[in-house]
file run39.txt (compact mmCIF, C-alpha atoms)
# COMPACT_ATOMS: atom_id res chain seq x y z
CA MET A 1 -99.44 -43.16 -7.41
CA GLY A 2 -101.75 -44.70 -4.83
CA LEU A 3 -99.40 -43.87 -1.93
CA LYS A 4 -100.78 -43.01 1.47
CA THR A 5 -98.91 -42.18 4.69
CA LEU A 6 -100.70 -43.12 7.88
CA ALA A 7 -99.69 -41.80 11.29
CA GLY A 8 -101.14 -40.43 14.49
CA ALA A 9 -104.80 -41.39 14.71
CA ALA A 10 -104.34 -44.14 12.14
CA LEU A 11 -102.24 -46.05 14.63
CA ILE A 12 -104.37 -48.27 16.80
CA ALA A 13 -102.15 -47.58 19.81
CA ALA A 14 -100.57 -44.30 20.83
CA LEU A 15 -96.83 -43.91 20.52
CA GLY A 16 -94.91 -44.35 23.70
CA ALA A 17 -91.56 -45.29 25.14
CA GLY A 18 -90.16 -48.49 23.64
CA ALA A 19 -88.78 -51.47 25.51
CA GLY A 20 -85.07 -51.95 26.04
CA ALA A 21 -82.40 -52.52 23.42
CA GLY A 22 -81.59 -55.81 21.62
CA PRO A 23 -81.58 -58.56 20.87
CA LEU A 24 -84.63 -57.69 18.82
CA ARG A 25 -86.81 -60.56 17.62
CA ILE A 26 -88.79 -59.93 14.43
CA ALA A 27 -91.21 -62.57 13.20
CA THR A 28 -93.79 -63.22 10.53
CA TYR A 29 -96.63 -65.66 10.98
CA SER A 30 -99.73 -66.69 9.07
CA PRO A 31 -101.90 -68.08 11.89
CA ASP A 32 -104.91 -68.96 9.71
CA LEU A 33 -107.07 -66.39 11.47
CA SER A 34 -109.41 -65.95 8.53
CA ARG A 35 -112.99 -67.13 8.50
CA ASP A 36 -115.79 -67.61 5.97
CA GLY A 37 -117.71 -64.46 6.81
CA PRO A 38 -117.41 -61.05 8.51
CA GLY A 39 -117.51 -61.13 12.30
CA LEU A 40 -116.81 -64.85 12.57
CA LEU A 41 -113.19 -64.39 13.62
CA LEU A 42 -114.25 -62.06 16.45
CA ARG A 43 -116.83 -64.66 17.51
CA ASP A 44 -114.20 -67.38 17.61
CA LEU A 45 -111.63 -65.24 19.41
CA THR A 46 -114.06 -64.44 22.23
CA ARG A 47 -115.39 -67.95 22.82
CA THR A 48 -114.35 -69.44 26.16
CA GLY A 49 -114.66 -72.65 28.10
CA LYS A 50 -115.95 -75.65 26.17
CA GLN A 51 -116.73 -73.38 23.21
CA ALA A 52 -113.14 -72.13 22.93
CA ASP A 53 -111.61 -72.44 19.47
CA ARG A 54 -108.81 -75.03 19.53
CA GLN A 55 -107.08 -73.67 16.45
CA ILE A 56 -106.91 -70.14 17.86
CA ALA A 57 -105.56 -71.46 21.17
CA ALA A 58 -102.82 -73.25 19.25
CA ALA A 59 -101.90 -70.10 17.29
CA VAL A 60 -101.68 -68.12 20.55
CA GLN A 61 -99.46 -70.86 21.99
CA VAL A 62 -97.09 -70.65 19.02
CA ILE A 63 -96.73 -66.89 19.41
CA ALA A 64 -96.31 -67.20 23.18
CA GLU A 65 -93.52 -69.76 22.75
CA THR A 66 -91.55 -67.57 20.34
CA ARG A 67 -92.26 -64.17 21.95
CA PRO A 68 -91.51 -61.80 19.05
CA ASP A 69 -90.84 -58.14 19.77
CA ILE A 70 -92.25 -57.17 16.38
CA LEU A 71 -94.74 -59.54 14.76
CA LEU A 72 -96.22 -59.32 11.28
CA LEU A 73 -99.41 -61.36 11.07
CA THR A 74 -100.79 -62.39 7.69
CA ASP A 75 -104.08 -64.07 6.78
CA LEU A 76 -105.86 -62.23 9.60
CA ASP A 77 -109.36 -60.88 8.96
CA TRP A 78 -109.62 -57.10 9.21
CA ASP A 79 -112.71 -55.24 10.41
CA TYR A 80 -113.52 -51.53 10.43
CA ASP A 81 -113.37 -51.12 14.21
CA GLY A 82 -110.33 -53.34 14.77
CA ARG A 83 -112.28 -55.50 17.19
CA ALA A 84 -110.86 -58.82 16.04
CA LEU A 85 -107.29 -57.53 16.34
CA GLU A 86 -107.98 -56.18 19.81
CA ALA A 87 -109.51 -59.52 20.82
CA LEU A 88 -106.37 -61.29 19.62
CA VAL A 89 -104.18 -58.85 21.54
CA ALA A 90 -106.25 -59.61 24.65
CA ARG A 91 -105.75 -63.35 24.14
CA LEU A 92 -102.00 -62.82 23.80
CA ALA A 93 -102.00 -60.71 26.98
CA GLU A 94 -103.59 -63.64 28.80
CA ALA A 95 -100.64 -65.71 27.58
CA GLY A 96 -98.17 -63.18 29.00
CA LEU A 97 -97.44 -61.14 25.86
CA ASP A 98 -97.95 -57.37 25.83
CA TYR A 99 -98.23 -55.62 22.47
CA PRO A 100 -99.12 -51.99 23.25
CA HIS A 101 -98.51 -50.89 19.66
CA ARG A 102 -100.36 -52.32 16.66
CA PHE A 103 -101.26 -51.31 13.19
CA ALA A 104 -103.82 -52.56 10.69
CA ALA A 105 -105.43 -50.96 7.65
CA ARG A 106 -107.99 -52.16 5.17
CA PRO A 107 -106.37 -54.66 2.80
CA ASN A 108 -107.08 -55.16 -0.88
CA SER A 109 -108.33 -58.67 -0.17
CA GLY A 110 -112.11 -58.72 -0.46
CA MET A 111 -112.24 -55.10 -1.66
CA ALA A 112 -114.92 -54.89 -4.34
CA SER A 113 -113.68 -53.67 -7.72
CA GLY A 114 -117.05 -53.24 -9.40
CA LEU A 115 -115.75 -55.10 -12.47
CA ASP A 116 -115.58 -58.67 -13.69
CA LEU A 117 -111.85 -58.99 -13.06
CA ASN A 118 -111.59 -62.69 -13.86
CA GLY A 119 -113.78 -62.51 -16.96
CA ASP A 120 -116.20 -65.27 -15.98
CA GLY A 121 -119.29 -63.21 -16.79
CA ARG A 122 -120.24 -62.70 -13.14
CA LEU A 123 -119.79 -59.76 -10.80
CA ASN A 124 -118.95 -59.51 -7.11
CA THR A 125 -117.29 -62.91 -6.76
CA ALA A 126 -114.19 -63.42 -4.60
CA ASP A 127 -112.06 -63.30 -7.77
CA ASP A 128 -113.53 -59.91 -8.69
CA ALA A 129 -112.13 -58.25 -5.58
CA GLN A 130 -108.85 -56.35 -5.76
CA GLY A 131 -107.37 -59.29 -3.87
CA PHE A 132 -109.12 -62.63 -3.52
CA GLY A 133 -111.70 -62.47 -0.75
CA GLU A 134 -115.34 -63.23 -0.03
CA PHE A 135 -115.83 -60.06 2.04
CA PRO A 136 -113.96 -56.82 2.77
CA GLY A 137 -110.93 -57.46 4.92
CA GLN A 138 -110.79 -61.23 4.60
CA GLY A 139 -107.19 -62.37 4.92
CA GLY A 140 -105.60 -59.05 5.83
CA ILE A 141 -102.35 -58.30 7.64
CA ALA A 142 -101.44 -56.58 10.91
CA ILE A 143 -98.38 -55.55 12.91
CA LEU A 144 -98.05 -56.12 16.65
CA SER A 145 -95.12 -54.52 18.42
CA ARG A 146 -93.58 -53.86 21.81
CA HIS A 147 -92.16 -50.68 20.28
CA PRO A 148 -93.81 -47.58 18.78
CA ILE A 149 -95.05 -47.85 15.20
CA GLY A 150 -95.27 -44.91 12.83
CA PRO A 151 -95.36 -43.44 10.38
CA VAL A 152 -96.62 -46.13 8.01
CA THR A 153 -96.52 -45.64 4.27
CA ASP A 154 -99.27 -47.67 2.63
CA TYR A 155 -98.63 -48.55 -1.01
CA SER A 156 -101.63 -50.85 -1.34
CA ALA A 157 -103.48 -48.66 -3.84
CA TYR A 158 -100.57 -48.76 -6.31
CA LEU A 159 -101.74 -49.92 -9.74
CA TRP A 160 -100.14 -53.01 -11.24
CA ARG A 161 -99.74 -51.39 -14.66
CA ASP A 162 -97.66 -48.59 -13.11
CA LEU A 163 -94.85 -50.93 -12.06
CA PRO A 164 -91.96 -50.48 -14.51
CA GLY A 165 -91.20 -53.71 -16.33
CA ASN A 166 -94.31 -55.39 -14.95
CA LEU A 167 -95.38 -58.87 -16.04
CA MET A 168 -99.11 -58.08 -16.05
CA PRO A 169 -100.85 -60.09 -18.80
CA ASP A 170 -102.98 -58.35 -21.41
CA LEU A 171 -106.15 -57.24 -19.63
CA PRO A 172 -109.19 -55.27 -20.79
CA GLU A 173 -108.48 -51.55 -20.53
CA ASP A 174 -111.12 -50.95 -17.86
CA VAL A 175 -109.62 -53.75 -15.74
CA ALA A 176 -106.01 -52.61 -16.23
CA ALA A 177 -107.03 -49.07 -15.26
CA ILE A 178 -108.11 -50.10 -11.74
CA ARG A 179 -106.26 -53.36 -11.02
CA ARG A 180 -104.07 -52.94 -7.94
CA LEU A 181 -100.74 -54.70 -7.59
CA SER A 182 -101.10 -55.73 -3.92
CA SER A 183 -103.27 -58.77 -3.35
CA ALA A 184 -103.36 -57.87 0.36
CA ALA A 185 -101.08 -54.94 1.22
CA HIS A 186 -97.64 -53.35 0.91
CA TRP A 187 -96.58 -51.29 3.94
CA ASP A 188 -93.39 -49.52 4.92
CA ALA A 189 -93.85 -49.25 8.68
CA THR A 190 -91.29 -47.40 10.78
CA VAL A 191 -90.79 -49.03 14.19
CA THR A 192 -88.71 -47.04 16.68
CA VAL A 193 -86.58 -49.27 18.88
CA ALA A 194 -84.20 -47.83 21.48
CA GLY A 195 -84.50 -44.44 19.79
CA ARG A 196 -83.62 -45.69 16.30
CA PRO A 197 -86.00 -46.27 13.38
CA LEU A 198 -86.27 -49.66 11.70
CA HIS A 199 -88.37 -50.02 8.55
CA LEU A 200 -90.59 -53.08 8.42
CA LEU A 201 -91.47 -53.75 4.79
CA ALA A 202 -94.62 -55.84 5.18
CA MET A 203 -96.49 -57.78 2.53
CA ALA A 204 -98.49 -60.92 1.76
CA ALA A 205 -98.21 -61.95 -1.89
CA THR A 206 -100.77 -64.02 -3.76
CA PRO A 207 -99.96 -67.71 -4.27
CA PRO A 208 -98.60 -68.23 -7.81
CA VAL A 209 -101.30 -70.82 -8.58
CA PHE A 210 -105.11 -71.07 -8.95
CA ASP A 211 -105.17 -69.44 -12.37
CA GLY A 212 -105.00 -70.44 -16.05
CA PRO A 213 -102.42 -70.52 -18.83
CA GLU A 214 -102.08 -66.73 -18.65
CA ASP A 215 -100.37 -67.28 -15.25
CA LEU A 216 -101.94 -64.13 -13.80
CA ASN A 217 -101.26 -65.12 -10.20
CA GLY A 218 -97.73 -66.24 -10.96
CA ARG A 219 -97.00 -62.93 -12.68
CA ARG A 220 -98.65 -60.93 -9.91
CA ASN A 221 -96.73 -62.82 -7.23
CA HIS A 222 -93.46 -61.96 -8.99
CA ASP A 223 -94.35 -58.29 -9.35
CA GLU A 224 -95.56 -57.93 -5.76
CA LEU A 225 -92.03 -58.71 -4.63
CA ALA A 226 -90.35 -56.81 -7.49
CA PHE A 227 -92.24 -53.71 -6.28
CA TRP A 228 -89.76 -53.29 -3.43
CA LEU A 229 -86.68 -53.23 -5.63
CA ASP A 230 -87.04 -49.49 -6.31
CA ARG A 231 -88.33 -48.70 -2.82
CA LEU A 232 -85.82 -50.22 -0.44
CA PRO A 233 -85.07 -47.53 2.17
CA ASP A 234 -81.61 -46.07 2.55
CA ALA A 235 -81.90 -47.01 6.20
CA PRO A 236 -82.10 -50.20 8.28
CA PHE A 237 -85.00 -52.37 7.12
CA VAL A 238 -86.43 -55.85 7.34
CA LEU A 239 -88.59 -57.28 4.57
CA ALA A 240 -91.11 -59.73 6.02
CA GLY A 241 -94.25 -61.64 5.20
CA ILE A 242 -95.62 -64.34 2.96
CA LEU A 243 -93.69 -64.03 -0.28
CA ASN A 244 -95.25 -67.28 -1.53
CA VAL A 245 -92.27 -68.17 -3.71
CA ASP A 246 -89.72 -70.89 -3.01
CA PRO A 247 -86.28 -70.32 -4.56
CA ALA A 248 -85.93 -73.97 -5.60
CA ASP A 249 -89.34 -75.65 -5.75
CA GLY A 250 -92.99 -74.99 -6.57
CA ASP A 251 -94.66 -73.05 -9.38
CA GLY A 252 -93.50 -69.52 -8.60
CA ARG A 253 -91.22 -67.22 -10.57
CA PRO A 254 -88.17 -66.77 -8.29
CA GLN A 255 -86.40 -64.08 -10.33
CA ALA A 256 -87.61 -61.13 -8.22
CA LEU A 257 -86.69 -63.00 -5.03
CA ALA A 258 -83.18 -63.56 -6.37
CA ARG A 259 -82.83 -59.82 -7.04
CA ILE A 260 -84.10 -58.95 -3.56
CA MET A 261 -81.50 -61.29 -2.08
CA ASP A 262 -78.78 -58.98 -3.43
CA HIS A 263 -79.90 -56.35 -0.91
CA VAL A 264 -80.59 -58.47 2.18
CA THR A 265 -79.00 -61.17 4.30
CA ASP A 266 -80.86 -64.44 4.18
CA PRO A 267 -80.41 -65.95 7.66
CA LEU A 268 -81.66 -69.32 6.34
CA PRO A 269 -83.93 -70.06 9.34
CA ARG A 270 -84.34 -73.78 9.89
CA SER A 271 -86.48 -76.26 11.80
CA ALA A 272 -86.23 -79.88 12.88
CA GLY A 273 -89.83 -80.49 11.83
CA GLY A 274 -89.23 -79.31 8.29
CA ALA A 275 -86.06 -81.36 8.00
CA ALA A 276 -87.96 -84.49 9.03
CA ALA A 277 -90.79 -83.98 6.51
CA ARG A 278 -89.18 -85.69 3.52
CA GLY A 279 -91.94 -88.08 2.45
CA GLY A 280 -94.18 -88.10 -0.61
CA VAL A 281 -93.68 -85.35 -3.16
CA ASN A 282 -91.16 -83.69 -0.84
CA ALA A 283 -88.66 -86.38 -1.78
CA SER A 284 -88.41 -84.90 -5.27
CA HIS A 285 -87.75 -81.33 -4.06
CA ARG A 286 -84.40 -79.70 -4.71
CA GLY A 287 -84.47 -77.28 -1.78
CA ASP A 288 -83.40 -77.97 1.80
CA PRO A 289 -86.55 -79.17 3.62
CA ALA A 290 -85.30 -77.64 6.89
CA LEU A 291 -85.97 -74.20 5.35
CA ASP A 292 -89.61 -74.94 4.49
CA THR A 293 -92.27 -72.86 6.22
CA GLY A 294 -95.44 -74.20 4.57
CA ASP A 295 -96.63 -77.67 5.58
CA TRP A 296 -98.97 -78.90 2.85
CA SER A 297 -100.02 -82.36 1.76
CA ASP A 298 -97.18 -84.80 1.16
CA ASP A 299 -99.37 -86.73 -1.29
CA ARG A 300 -99.64 -84.16 -4.07
CA PRO A 301 -97.83 -81.06 -5.35
CA PRO A 302 -96.63 -78.67 -4.24
CA GLY A 303 -95.73 -80.44 -0.98
CA ASN A 304 -93.84 -78.37 1.58
CA LEU A 305 -92.29 -75.08 0.48
CA ARG A 306 -90.45 -72.07 1.80
CA ALA A 307 -93.11 -69.36 1.63
CA ASP A 308 -92.59 -67.06 4.66
CA TYR A 309 -89.53 -64.84 5.08
CA VAL A 310 -87.82 -62.38 7.42
CA LEU A 311 -84.99 -60.72 5.46
CA PRO A 312 -82.84 -58.03 7.15
CA ARG A 313 -80.91 -55.48 5.11
CA LYS A 314 -77.29 -56.32 4.47
CA GLY A 315 -75.11 -55.01 7.29
CA LEU A 316 -77.55 -55.64 10.12
CA LYS A 317 -76.06 -58.06 12.65
CA ILE A 318 -78.08 -61.27 12.95
CA LEU A 319 -77.84 -63.17 16.24
CA GLY A 320 -80.08 -66.10 15.38
CA SER A 321 -83.06 -67.30 13.39
CA GLY A 322 -85.48 -70.18 13.19
CA VAL A 323 -88.73 -71.67 11.97
CA PHE A 324 -91.07 -72.77 14.74
CA TRP A 325 -91.64 -76.35 13.65
CA PRO A 326 -90.67 -78.88 16.33
CA ALA A 327 -90.29 -82.43 15.06
CA GLU A 328 -92.36 -83.97 17.85
CA GLY A 329 -94.11 -83.34 21.14
CA PRO A 330 -96.91 -81.01 22.29
CA LEU A 331 -95.41 -77.95 20.60
CA ALA A 332 -95.23 -79.80 17.29
CA GLU A 333 -98.93 -80.57 17.70
CA ALA A 334 -99.66 -76.91 18.45
CA ALA A 335 -97.85 -75.78 15.29
CA LEU A 336 -99.77 -78.33 13.22
CA THR A 337 -103.13 -77.41 14.74
CA ALA A 338 -102.64 -73.67 14.33
CA SER A 339 -101.83 -73.35 10.65
CA ALA A 340 -100.26 -74.86 7.56
CA HIS A 341 -97.70 -72.05 7.86
CA ARG A 342 -94.95 -71.91 10.43
CA LEU A 343 -93.78 -68.84 12.34
CA VAL A 344 -90.39 -67.53 11.15
CA TRP A 345 -88.21 -65.41 13.45
CA VAL A 346 -84.91 -63.54 13.25
CA ASP A 347 -83.00 -61.97 16.14
CA LEU A 348 -81.10 -58.75 15.42
CA ASP A 349 -78.38 -57.10 17.52
CA TRP A 350 -80.14 -53.78 18.00
CA PRO A 351 -79.05 -51.03 18.17

call {"tool": "encode", "arguments": {"input": "run39.txt", "output": "C-alpha cells"}}
result
Amino acid sequence: MGLKTLAGAALIAALGAGAGAGPLRIATYSPDLSRDGPGLLLRDLTRTGKQADRQIAAAVQVIAETRPDILLLTDLDWDYDGRALEALVARLAEAGLDYPHRFAARPNSGMASGLDLNGDGRLNTADDAQGFGEFPGQGGIAILSRHPIGPVTDYSAYLWRDLPGNLMPDLPEDVAAIRRLSSAAHWDATVTVAGRPLHLLAMAATPPVFDGPEDLNGRRNHDELAFWLDRLPDAPFVLAGILNVDPADGDGRPQALARIMDHVTDPLPRSAGGAAARGGVNASHRGDPALDTGDWSDDRPPGNLRADYVLPRKGLKILGSGVFWPAEGPLAEAALTASAHRLVWVDLDWP
C-alpha cells in the first residue's frame, strides 16, 4: 500500500553510460541544507562574492574532499522544480565533481496532513505535517550519482499502521488512517554500475526525541528502520542514510538496528575527530567515540552519537570506510562549519 515506482521522466537526469568499475564509493551526508522558508536554500546556493554562504561552501568542500560516486544527501530542502538541487550540483561541478544523474521526490516532511496530528488543538503546524516541517519539502533527501539511477521504488506513502508488528501508539482513528510511516522518505533506488544493478535503500528517520511519554518519535524511529526487514532485495544492496539510532548510547530503540545488522556488514567507519571528542557527557558513553557521526553539544545529553550509516549487504567486498571528521586543521574546520553531521563513506569492490 502506498508504493510508487518512479522511472523515466521522474529521473532528473537521463540515463546514460556509467563510469568505470570499482572501487565504488558510496556515502551519506546530512549537510544542513535546510532553511526556514521555501526558496531560501536556492537563494543561499546562488549567492556569490561577499554574499556567499560560508556554511554551504564548507559542505561543498566536504563533499569535494571525499568524492563519492553515489551520494545520498539528507536534510536538503526539496522544491517542485528541483532548482535548489540543480544549484547544488552546479556548485559541486565548480569544485570538480560531476553528478550527471540525480533523483529527488517530494518528501513527507512538511507535507500537510489536514489534521491535528499532535493533538495540541491547532492545525497546520510543523508537527501536523506527515513529517516535521514548516513548509512542503523542508528537510528532504536526494541522490547524486556518477552512474545511472532508475527505477526508483518510493515507499514514502506507506501507512504506519500497515507495518506488521508496528510500535505505533494509540492514535485517534482519523489520524491512524492517514499517518505515514516515513518522516522523510523510503526509497529503493537501483543504480547501475558497470552494467550491474545495485540497490540503494535510502532513508532519513526521525530523531527518537522531541516527544512526550508516549514516545511517538522513538517508536516511529524504530519502525522506520524495521520497515526494511521484509523488503531487503534478493540482490546487492546498500542501506544508507540517517538512521538516528546509536547501538549503545542515546534515547533510541536499537532493536530494529540489531536485526538489520544480521543482513548487512557493518564496516565500522571511524574518524580521528570523533575519537578525540571524549569530553563532557561523551565521557559517560559506552560506544566507541571514533564511530560517532553526529557532533552535538558536549555539555548536555545526548552528546555525540552514531546516527548516519552506510551498510552493504553481507557478501559485498568492502575495501575501506571512514567518517569525514579530521581531528584538526582546515578540513576539521570545514566539517564543523558545514553541519553537526559528518559524511560517512564506504568503498566497495565493484563489480

call {"tool": "atom_distance", "arguments": {"input": "run39.txt", "atom1": "atom CA of Leu316 of chain A", "atom2": "atom CA of Pro164 of chain A"}}
result
29.0 Å

call {"tool": "closest_atom_pairs", "arguments": {"input": "run39.txt", "of": "segment 135-235 of chain A", "to": "segment 54-70 of chain A", "cutoff": "6 Å", "atoms": "all atoms listed in the file", "output": "Markdown table"}}
result
| residue | atom | partner | partner_atom | distance |
| --- | --- | --- | --- | --- |
| A:Leu144 | CA | A:Ile70 | CA | 5.9 |
| A:Ser145 | CA | A:Ile70 | CA | 4.4 |
| A:Arg146 | CA | A:Asp69 | CA | 5.5 |

call {"tool": "residues_around", "arguments": {"input": "run39.txt", "residues": "Ala204 of chain A", "least_positions_apart": "5", "cutoff": "7 Å", "atoms": "only C-alpha atoms", "output": "list in words"}}
result
Thr74, Ala184, Ala185, Gly241, Ile242 and Leu243 of chain A

call {"tool": "axis_aligned_box", "arguments": {"input": "run39.txt", "around": "segment 252-266 of chain A", "padding_each_side": "6 Å", "output": "JSON"}}
result
{"center_x": -86.1, "center_y": -62.9, "center_z": -3.1, "size_x": 26.7, "size_y": 25.2, "size_z": 26.9}

call {"tool": "closest_residue", "arguments": {"input": "run39.txt", "among": "A:Gly96, A:Gly165, A:Gly131, A:Gln138", "to": "Asp79 of chain A", "atoms": "all atoms listed in the file"}}
result
A:Gln138

call {"tool": "closest_residue", "arguments": {"input": "run39.txt", "among": "A:Glu173, A:Thr293, A:Tyr158, A:Ile178", "to": "Phe227 of chain A", "atoms": "only C-alpha atoms"}}
result
A:Tyr158

call {"tool": "closest_residue", "arguments": {"input": "run39.txt", "among": "A:Pro312, A:Gly252, A:Gly280, A:Gly322", "to": "Leu232 of chain A", "atoms": "all atoms listed in the file"}}
result
A:Pro312

call {"tool": "residues_around", "arguments": {"input": "run39.txt", "residues": "Arg161 of chain A", "least_positions_apart": "4", "cutoff": "7 Å", "atoms": "all atoms listed in the file", "output": "number ranges by chain"}}
result
A: 166, 168, 176

call {"tool": "write_last_selection", "arguments": {"input": "run39.txt", "atoms": "C-alpha atoms", "output": "short mmCIF file (atom, residue, chain, number, x, y, z; two decimals), keeping the file's coordinate frame"}}
result
data_model
loop_
_atom_site.label_atom_id
_atom_site.label_comp_id
_atom_site.auth_asym_id
_atom_site.auth_seq_id
_atom_site.Cartn_x
_atom_site.Cartn_y
_atom_site.Cartn_z
CA ASN A 166 -94.31 -55.39 -14.95
CA MET A 168 -99.11 -58.08 -16.05
CA ALA A 176 -106.01 -52.61 -16.23
#

call {"tool": "residues_around", "arguments": {"input": "run39.txt", "residues": "Asp308 of chain A", "least_positions_apart": "6", "cutoff": "12 Å", "atoms": "only C-alpha atoms", "output": "MDAnalysis selection string"}}
result
chainID A and resid 27:31 72:74 202:205 207 239:247 268:270 291:295 322:324 340:345

call {"tool": "write_last_selection", "arguments": {"input": "run39.txt", "atoms": "C-alpha atoms", "output": "CSV table (one decimal), keeping the file's coordinate frame"}}
result
chain,number,residue,atom,x,y,z
A,27,ALA,CA,-91.2,-62.6,13.2
A,28,THR,CA,-93.8,-63.2,10.5
A,29,TYR,CA,-96.6,-65.7,11.0
A,30,SER,CA,-99.7,-66.7,9.1
A,31,PRO,CA,-101.9,-68.1,11.9
A,72,LEU,CA,-96.2,-59.3,11.3
A,73,LEU,CA,-99.4,-61.4,11.1
A,74,THR,CA,-100.8,-62.4,7.7
A,202,ALA,CA,-94.6,-55.8,5.2
A,203,MET,CA,-96.5,-57.8,2.5
A,204,ALA,CA,-98.5,-60.9,1.8
A,205,ALA,CA,-98.2,-62.0,-1.9
A,207,PRO,CA,-100.0,-67.7,-4.3
A,239,LEU,CA,-88.6,-57.3,4.6
A,240,ALA,CA,-91.1,-59.7,6.0
A,241,GLY,CA,-94.2,-61.6,5.2
A,242,ILE,CA,-95.6,-64.3,3.0
A,243,LEU,CA,-93.7,-64.0,-0.3
A,244,ASN,CA,-95.2,-67.3,-1.5
A,245,VAL,CA,-92.3,-68.2,-3.7
A,246,ASP,CA,-89.7,-70.9,-3.0
A,247,PRO,CA,-86.3,-70.3,-4.6
A,268,LEU,CA,-81.7,-69.3,6.3
A,269,PRO,CA,-83.9,-70.1,9.3
A,270,ARG,CA,-84.3,-73.8,9.9
A,291,LEU,CA,-86.0,-74.2,5.4
A,292,ASP,CA,-89.6,-74.9,4.5
A,293,THR,CA,-92.3,-72.9,6.2
A,294,GLY,CA,-95.4,-74.2,4.6
A,295,ASP,CA,-96.6,-77.7,5.6
A,322,GLY,CA,-85.5,-70.2,13.2
A,323,VAL,CA,-88.7,-71.7,12.0
A,324,PHE,CA,-91.1,-72.8,14.7
A,340,ALA,CA,-100.3,-74.9,7.6
A,341,HIS,CA,-97.7,-72.0,7.9
A,342,ARG,CA,-95.0,-71.9,10.4
A,343,LEU,CA,-93.8,-68.8,12.3
A,344,VAL,CA,-90.4,-67.5,11.2
A,345,TRP,CA,-88.2,-65.4,13.4

call {"tool": "atom_distance", "arguments": {"input": "run39.txt", "atom1": "atom CA of Ile149 of chain A", "atom2": "atom CA of Ala226 of chain A"}}
result
24.8 Å

call {"tool": "atom_distance", "arguments": {"input": "run39.txt", "atom1": "atom CA of Gly329 of chain A", "atom2": "atom CA of Trp296 of chain A"}}
result
19.4 Å

call {"tool": "residues_around", "arguments": {"input": "run39.txt", "residues": "Pro107 of chain A", "least_positions_apart": "6", "cutoff": "12 Å", "atoms": "all atoms listed in the file", "output": "ChimeraX atom specification"}}
result
/A:74-80,129-133,135-142,154-157,180-187,203-205

call {"tool": "closest_residue", "arguments": {"input": "run39.txt", "among": "A:Ser339, A:Ser271, A:Gln51, A:Asn118", "to": "Gly212 of chain A", "atoms": "all atoms listed in the file"}}
result
A:Asn118

call {"tool": "closest_residue", "arguments": {"input": "run39.txt", "among": "A:Ala275, A:Ala332, A:Ile143, A:Leu319", "to": "Leu305 of chain A", "atoms": "only C-alpha atoms"}}
result
A:Ala275

call {"tool": "residues_around", "arguments": {"input": "run39.txt", "residues": "Asp174 of chain A", "least_positions_apart": "2", "cutoff": "12 Å", "atoms": "only C-alpha atoms", "output": "VMD selection string"}}
result
chain A and resid 113 to 117 119 161 170 to 172 176 to 179

call {"tool": "closest_residue", "arguments": {"input": "run39.txt", "among": "A:Leu348, A:Met111, A:Leu336, A:Leu85", "to": "Tyr99 of chain A", "atoms": "all atoms listed in the file"}}
result
A:Leu85

call {"tool": "build_atoms", "arguments": {"input": "run39.txt", "residues": "segment 77-90 of chain A", "atoms": "N, CA and C atoms", "output": "PDB file, keeping the file's coordinate frame"}}
result
ATOM      1  N   ASP A  77    -108.232 -61.687   9.412  1.00  0.00           N
ATOM      2  CA  ASP A  77    -109.360 -60.880   8.960  1.00  0.00           C
ATOM      3  C   ASP A  77    -109.351 -59.500   9.611  1.00  0.00           C
ATOM      4  N   TRP A  78    -109.548 -58.489   8.769  1.00  0.00           N
ATOM      5  CA  TRP A  78    -109.620 -57.100   9.210  1.00  0.00           C
ATOM      6  C   TRP A  78    -111.078 -56.681   9.325  1.00  0.00           C
ATOM      7  N   ASP A  79    -111.379 -55.832  10.320  1.00  0.00           N
ATOM      8  CA  ASP A  79    -112.710 -55.240  10.410  1.00  0.00           C
ATOM      9  C   ASP A  79    -112.570 -53.756  10.712  1.00  0.00           C
ATOM     10  N   TYR A  80    -113.610 -52.989  10.386  1.00  0.00           N
ATOM     11  CA  TYR A  80    -113.520 -51.530  10.430  1.00  0.00           C
ATOM     12  C   TYR A  80    -113.151 -50.993  11.806  1.00  0.00           C
ATOM     13  N   ASP A  81    -113.613 -51.620  12.856  1.00  0.00           N
ATOM     14  CA  ASP A  81    -113.370 -51.120  14.210  1.00  0.00           C
ATOM     15  C   ASP A  81    -112.162 -51.772  14.873  1.00  0.00           C
ATOM     16  N   GLY A  82    -111.493 -52.682  14.185  1.00  0.00           N
ATOM     17  CA  GLY A  82    -110.330 -53.340  14.770  1.00  0.00           C
ATOM     18  C   GLY A  82    -110.648 -54.244  15.935  1.00  0.00           C
ATOM     19  N   ARG A  83    -111.891 -54.716  16.012  1.00  0.00           N
ATOM     20  CA  ARG A  83    -112.280 -55.500  17.190  1.00  0.00           C
ATOM     21  C   ARG A  83    -111.636 -56.881  17.215  1.00  0.00           C
ATOM     22  N   ALA A  84    -111.488 -57.501  16.059  1.00  0.00           N
ATOM     23  CA  ALA A  84    -110.860 -58.820  16.040  1.00  0.00           C
ATOM     24  C   ALA A  84    -109.388 -58.717  16.451  1.00  0.00           C
ATOM     25  N   LEU A  85    -108.688 -57.711  15.958  1.00  0.00           N
ATOM     26  CA  LEU A  85    -107.290 -57.530  16.340  1.00  0.00           C
ATOM     27  C   LEU A  85    -107.163 -57.278  17.828  1.00  0.00           C
ATOM     28  N   GLU A  86    -108.034 -56.447  18.371  1.00  0.00           N
ATOM     29  CA  GLU A  86    -107.980 -56.180  19.810  1.00  0.00           C
ATOM     30  C   GLU A  86    -108.286 -57.435  20.613  1.00  0.00           C
ATOM     31  N   ALA A  87    -109.213 -58.263  20.128  1.00  0.00           N
ATOM     32  CA  ALA A  87    -109.510 -59.520  20.820  1.00  0.00           C
ATOM     33  C   ALA A  87    -108.312 -60.455  20.799  1.00  0.00           C
ATOM     34  N   LEU A  88    -107.575 -60.475  19.687  1.00  0.00           N
ATOM     35  CA  LEU A  88    -106.370 -61.290  19.620  1.00  0.00           C
ATOM     36  C   LEU A  88    -105.305 -60.761  20.576  1.00  0.00           C
ATOM     37  N   VAL A  89    -105.137 -59.447  20.616  1.00  0.00           N
ATOM     38  CA  VAL A  89    -104.180 -58.850  21.540  1.00  0.00           C
ATOM     39  C   VAL A  89    -104.527 -59.213  22.985  1.00  0.00           C
ATOM     40  N   ALA A  90    -105.818 -59.225  23.309  1.00  0.00           N
ATOM     41  CA  ALA A  90    -106.250 -59.610  24.650  1.00  0.00           C
ATOM     42  C   ALA A  90    -105.916 -61.069  24.943  1.00  0.00           C
TER      43      ALA A  90
END
